[in-house]
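Note: the block below is work.txt and it holds compact mmCIF, C-alpha atoms.
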# COMPACT_ATOMS: atom_id res chain seq x y z
CA MET A 1 89.69 154.16 -75.23
CA THR A 2 86.99 156.41 -76.63
CA LYS A 3 83.24 155.91 -76.54
CA SER A 4 83.29 154.53 -80.09
CA GLU A 5 86.09 152.11 -79.20
CA LEU A 6 84.06 150.98 -76.20
CA ILE A 7 81.08 150.42 -78.53
CA GLU A 8 83.26 148.38 -80.88
CA ALA A 9 84.55 146.26 -78.00
CA ILE A 10 80.99 145.60 -76.75
CA ALA A 11 79.82 144.69 -80.27
CA ALA A 12 82.69 142.20 -80.65
CA ARG A 13 82.54 140.68 -77.19
CA GLY A 14 78.74 140.68 -76.87
CA GLU A 15 78.24 139.39 -80.42
CA LEU A 16 75.85 142.13 -81.49
CA THR A 17 75.83 144.70 -84.26
CA LYS A 18 77.66 147.97 -83.76
CA ALA A 19 74.34 149.81 -84.04
CA ARG A 20 72.85 147.77 -81.17
CA ALA A 21 75.99 148.13 -79.10
CA GLU A 22 75.88 151.88 -79.61
CA LEU A 23 72.27 151.97 -78.37
CA VAL A 24 73.22 149.99 -75.26
CA VAL A 25 76.27 152.11 -74.40
CA SER A 26 74.46 155.40 -75.05
CA CYS A 27 71.44 154.27 -73.04
CA ILE A 28 73.66 153.42 -70.05
CA PHE A 29 75.33 156.84 -69.98
CA ASP A 30 72.05 158.67 -70.70
CA THR A 31 70.42 156.83 -67.79
CA MET A 32 73.31 157.78 -65.52
CA VAL A 33 73.19 161.45 -66.56
CA GLU A 34 69.44 161.54 -65.91
CA ALA A 35 69.91 160.08 -62.42
CA MET A 36 72.54 162.71 -61.66
CA GLN A 37 70.23 165.44 -62.99
CA ARG A 38 67.67 164.29 -60.42
CA GLY A 39 70.40 164.72 -57.83
CA GLU A 40 70.69 160.97 -57.41
CA GLY A 41 74.00 159.22 -56.80
CA ILE A 42 74.98 156.06 -58.71
CA GLU A 43 76.70 153.06 -57.24
CA ILE A 44 78.31 150.42 -59.45
CA ARG A 45 79.82 147.78 -57.21
CA GLY A 46 83.43 146.96 -58.03
CA PHE A 47 83.66 150.00 -60.30
CA GLY A 48 82.86 153.07 -58.25
CA SER A 49 80.19 155.55 -57.30
CA PHE A 50 79.11 158.95 -58.53
CA SER A 51 77.67 161.52 -56.19
CA ILE A 52 76.45 165.05 -56.79
CA ARG A 53 78.01 167.76 -54.68
CA PRO A 54 76.34 171.12 -54.29
CA TYR A 55 78.56 174.22 -54.25
CA LYS A 56 77.48 177.56 -52.80
CA PRO A 57 77.85 180.74 -54.85
CA TYR A 58 81.14 182.51 -54.27
CA SER A 59 83.13 185.39 -55.61
CA GLY A 60 85.94 184.21 -57.86
CA ARG A 61 88.48 186.14 -59.86
CA ASN A 62 89.38 186.36 -63.51
CA PRO A 63 92.92 184.97 -63.36
CA ARG A 64 94.05 187.23 -66.20
CA THR A 65 92.71 190.59 -65.02
CA GLY A 66 92.25 189.97 -61.29
CA GLN A 67 88.67 191.27 -61.61
CA PRO A 68 86.22 189.72 -59.16
CA VAL A 69 83.71 187.47 -60.93
CA PRO A 70 80.58 186.14 -59.22
CA VAL A 71 80.37 182.34 -59.45
CA ALA A 72 76.82 181.01 -59.23
CA ALA A 73 75.78 178.06 -57.06
CA LYS A 74 76.34 174.82 -58.93
CA ARG A 75 76.23 171.05 -58.70
CA LEU A 76 79.18 168.96 -59.79
CA PRO A 77 79.60 165.22 -60.12
CA PHE A 78 82.17 163.50 -57.96
CA PHE A 79 83.50 160.01 -58.65
CA LYS A 80 84.87 157.71 -55.99
CA VAL A 81 86.68 154.70 -57.34
CA GLY A 82 85.60 151.30 -56.01
CA LYS A 83 88.02 149.05 -54.14
CA GLU A 84 88.32 146.42 -56.85
CA LEU A 85 88.97 148.96 -59.62
CA ARG A 86 91.35 150.94 -57.42
CA GLU A 87 93.47 147.84 -56.87
CA LEU A 88 93.26 146.90 -60.55
CA VAL A 89 94.47 150.38 -61.59
CA ASP A 90 97.29 150.40 -59.07
CA GLY A 91 98.31 146.96 -60.34
CA SER A 92 98.91 148.45 -63.82
CA ARG A 93 101.77 150.65 -62.55
CA ASP A 94 104.39 148.66 -64.44
CA ARG A 95 102.84 149.74 -67.76
CA ALA A 96 102.86 153.21 -69.28
CA ILE A 97 99.58 155.12 -69.14
CA SER A 98 97.96 155.06 -72.59
CA GLY A 99 94.87 156.52 -74.18
CA GLY A 100 95.87 160.05 -75.19
CA ASP A 101 95.99 163.33 -73.31
CA ASP A 102 93.68 164.28 -70.44
CA GLU A 103 92.51 167.62 -71.70
CA ASP A 104 90.41 166.45 -74.60
CA ASP A 105 86.82 166.83 -73.46
CA GLY A 106 83.41 167.12 -75.00
CA MET B 107 70.82 154.31 -58.57
CA THR B 108 72.29 150.83 -58.76
CA LYS B 109 73.38 148.60 -61.62
CA ALA B 110 70.02 146.80 -61.36
CA GLU B 111 68.21 150.07 -62.05
CA ILE B 112 70.43 150.76 -65.06
CA VAL B 113 69.54 147.28 -66.33
CA GLN B 114 65.84 148.07 -65.87
CA SER B 115 66.22 151.33 -67.82
CA VAL B 116 68.12 149.74 -70.72
CA TYR B 117 65.64 146.84 -70.83
CA ALA B 118 62.62 149.15 -70.84
CA ARG B 119 63.96 151.64 -73.37
CA LEU B 120 65.71 149.56 -75.98
CA GLY B 121 63.48 146.59 -76.63
CA GLY B 122 64.72 143.48 -78.41
CA PHE B 123 66.80 142.36 -75.41
CA SER B 124 65.58 140.12 -72.63
CA LYS B 125 66.14 141.24 -69.06
CA LYS B 126 68.95 138.72 -68.79
CA GLU B 127 70.59 139.95 -72.01
CA SER B 128 70.34 143.55 -70.81
CA ALA B 129 71.95 142.60 -67.51
CA ASP B 130 74.75 140.69 -69.27
CA LEU B 131 75.45 143.59 -71.63
CA ILE B 132 75.65 146.12 -68.82
CA GLU B 133 77.95 143.80 -66.94
CA LEU B 134 80.07 143.58 -70.10
CA VAL B 135 80.26 147.37 -70.44
CA PHE B 136 81.53 147.94 -66.90
CA GLU B 137 83.78 144.88 -67.11
CA THR B 138 85.31 146.17 -70.36
CA MET B 139 85.87 149.59 -68.77
CA LYS B 140 87.50 147.98 -65.74
CA GLU B 141 89.81 145.87 -67.87
CA THR B 142 90.77 148.87 -69.99
CA LEU B 143 91.63 151.00 -66.96
CA GLY B 144 93.29 147.95 -65.40
CA ARG B 145 95.82 147.82 -68.22
CA GLY B 146 96.68 151.48 -67.79
CA GLU B 147 94.48 152.88 -70.53
CA LYS B 148 92.33 155.99 -70.02
CA ILE B 149 88.72 156.17 -71.15
CA LYS B 150 87.01 159.17 -72.74
CA ILE B 151 83.25 159.10 -73.01
CA SER B 152 82.18 162.17 -74.97
CA GLY B 153 79.27 163.99 -73.36
CA PHE B 154 79.94 162.23 -70.05
CA GLY B 155 83.54 162.56 -68.95
CA ASN B 156 87.04 161.16 -68.93
CA PHE B 157 88.40 158.47 -66.63
CA VAL B 158 92.04 159.47 -66.29
CA LEU B 159 95.00 157.72 -64.66
CA ARG B 160 97.79 159.44 -62.79
CA ASP B 161 100.98 158.18 -61.22
CA LYS B 162 101.60 159.59 -57.75
CA ARG B 163 105.02 159.66 -56.20
CA GLN B 164 105.69 158.45 -52.68
CA ARG B 165 105.03 161.24 -50.17
CA GLN B 166 104.84 161.97 -46.50
CA GLY B 167 101.28 162.12 -45.17
CA ARG B 168 99.56 162.19 -41.84
CA ASN B 169 96.94 160.06 -40.17
CA PRO B 170 94.11 162.62 -39.96
CA GLN B 171 92.83 161.01 -36.76
CA THR B 172 96.03 160.90 -34.75
CA GLY B 173 98.23 163.41 -36.59
CA GLU B 174 100.88 160.73 -36.78
CA PRO B 175 103.15 161.01 -39.85
CA ILE B 176 102.88 158.11 -42.28
CA LEU B 177 104.54 157.27 -45.57
CA ILE B 178 102.15 157.20 -48.54
CA THR B 179 103.66 154.80 -51.06
CA GLU B 180 103.79 155.52 -54.78
CA ARG B 181 100.63 154.52 -56.57
CA ARG B 182 98.54 154.88 -59.70
CA VAL B 183 95.15 156.47 -59.16
CA LEU B 184 92.00 156.91 -61.20
CA SER B 185 90.05 160.14 -61.32
CA PHE B 186 87.00 161.28 -63.22
CA LYS B 187 86.85 164.56 -65.11
CA ALA B 188 83.29 165.46 -65.95
CA SER B 189 82.54 166.66 -69.46
CA PRO B 190 81.39 170.30 -69.83
CA LEU B 191 78.18 168.82 -71.26
CA LEU B 192 77.56 166.82 -68.08
CA LYS B 193 78.29 169.85 -65.90
CA ALA B 194 75.88 171.91 -67.98
CA ALA B 195 73.21 169.21 -67.73
CA LEU B 196 73.47 169.24 -63.93
CA ASN B 197 73.05 173.00 -63.77
CA ASP B 198 70.39 173.68 -66.41
CA ARG B 199 72.85 175.72 -68.36
CA ASP B 200 74.06 175.46 -71.89
CA VAL B 201 77.63 174.56 -72.68
CA GLU B 202 78.57 178.14 -73.58
CA ASP B 203 77.73 179.21 -70.03
CA GLU B 204 79.71 176.29 -68.71
CA GLN B 205 82.78 177.08 -70.76
CA ARG B 206 82.56 180.73 -69.81
CA ALA B 207 82.41 179.72 -66.15
CA ALA B 208 85.27 177.24 -66.48
CA ALA B 209 87.66 179.29 -68.60
CA PRO B 210 86.76 182.96 -68.98
CA ALA B 211 89.93 183.73 -70.96
CA VAL B 212 89.34 181.27 -73.79
CA VAL B 213 85.62 181.66 -74.36
CA ALA B 214 86.08 183.26 -77.76
CA VAL B 215 87.70 180.14 -79.21
CA ALA B 216 85.51 177.66 -77.37
CA VAL B 217 82.11 178.26 -78.94
CA GLY B 218 82.24 175.56 -81.64
CA GLY B 219 79.88 172.66 -81.01
CA ALA B 220 78.21 174.46 -78.13
CA ALA B 221 74.71 173.75 -79.37
CA ARG B 222 75.05 170.01 -78.79
CA SER B 223 72.98 168.46 -76.09
CA VAL B 224 74.08 165.81 -73.63
CA GLY B 225 74.16 162.42 -75.24
CA ASP B 226 75.25 163.60 -78.66
CA PRO B 227 78.53 162.07 -79.83

Just dump the structure as structure tokens.
Amino acid sequence: MTKSELIEAIAARGELTKARAELVVSCIFDTMVEAMQRGEGIEIRGFGSFSIRPYKPYSGRNPRTGQPVPVAAKRLPFFKVGKELRELVDGSRDRAISGGDDEDDG
Amino acid sequence: MTKAEIVQSVYARLGGFSKKESADLIELVFETMKETLGRGEKIKISGFGNFVLRDKRQRQGRNPQTGEPILITERRVLSFKASPLLKAALNDRDVEDEQRAAAPAVVAVAVGGAARSVGDP
């Protein structure tokens, strides 16, 4: 499922226009990104929680050349799946995983 | 931040929805995502991240407290892979910096669309 498929599903199930559904879905994720930018965690009961983990600067390596590369301090989001969703996902083991490859990002 | 605070934000920003309608719609969004993942389907939210599913084989583990060996049964797990746009937003960097940091070898082919900001489709 992509973001636009999620929007379509919300429009159909919530009986609202696609334009309104898009506003709702975008507003939810924008709100969550802003909270994380403030360093705030997010807890959605039954779904999971997002926390922000700080990483210290370290010296990495270019895997191709072996050259040391300084890696700056950074913050990364970390998701912990909630109990209900974890059980739901595990319960889908009898079906093949669908929804395309994992590497497509953006 | 809790779901109630997300409701408050959607209600305040969008207009045209009552508080109750905003709450119901947010419930519907997370419910729809749960159902989707619960039937074995991944979710990709551009600009945010991907919720990906993986099947893990049975393996031998250890109780970290006692050191006792235990059998970890096979299972399907969910993990979240943050979008480069989200990572950039958390670090006040642009996406080019983020891609350079993540994959130094492929930066030359990864510059398309780098000017987008978080929230763009």

Taking all atoms of region 20-26 of chain A that appear in the file, build a box with edges along x, y and z, extend it by 4 Å on every side, and state its centre and edge lengths in Å to one decimal, as AutoDock Vina command-line options.
--center_x 74.3 --center_y 151.6 --center_z -77.8 --size_x 12.0 --size_y 15.6 --size_z 14.8

* Asked: Please, which residues of chain A lie no more than 8 Å from chain B when the count uses all atoms listed in the file, and can they be set out as a VMD selection string?
  -> chain A and resid 1 to 3 6 9 to 10 14 23 to 33 35 to 37 40 to 45 47 62 64 71 74 to 81 85 to 86 88 to 93 95 to 100 102 105 to 106

- Item | Straight-line distance linking CA of Ala21 (chain A) with CA of Gly82 (chain A), stated in Å to one decimal |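 We find that CA of Ala21 (chain A) and CA of Gly82 (chain A) lie 25.2 Å from each other.
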
| task | Could you jot down the CA of Phe50 (chain A) to CA of Ala72 (chain A) separation for me, Å, one decimal place? | result |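 Result for CA of Phe50 (chain A) versus CA of Ala72 (chain A): 22.2 Å, one decimal.
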
Between CA of Gly48 (chain A) and CA of Glu87 (chain A) lies a distance of 11.9 Å

Using only C-alpha atoms, determine which residues lie at most 9 Å from Ala73 (chain A), disregarding the query and same-chain residues fewer than 5 positions distant; provide the list as a compact mmCIF listing (two decimals) with C-alpha atoms, in the coordinates of the input.
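Contents of result.txt, as written:
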# COMPACT_ATOMS: atom_id res chain seq x y z
CA PRO A 54 76.34 171.12 -54.29
CA TYR A 55 78.56 174.22 -54.25
CA LYS A 56 77.48 177.56 -52.80
CA PRO A 57 77.85 180.74 -54.85
CA TYR A 58 81.14 182.51 -54.27
CA ASN B 197 73.05 173.00 -63.77
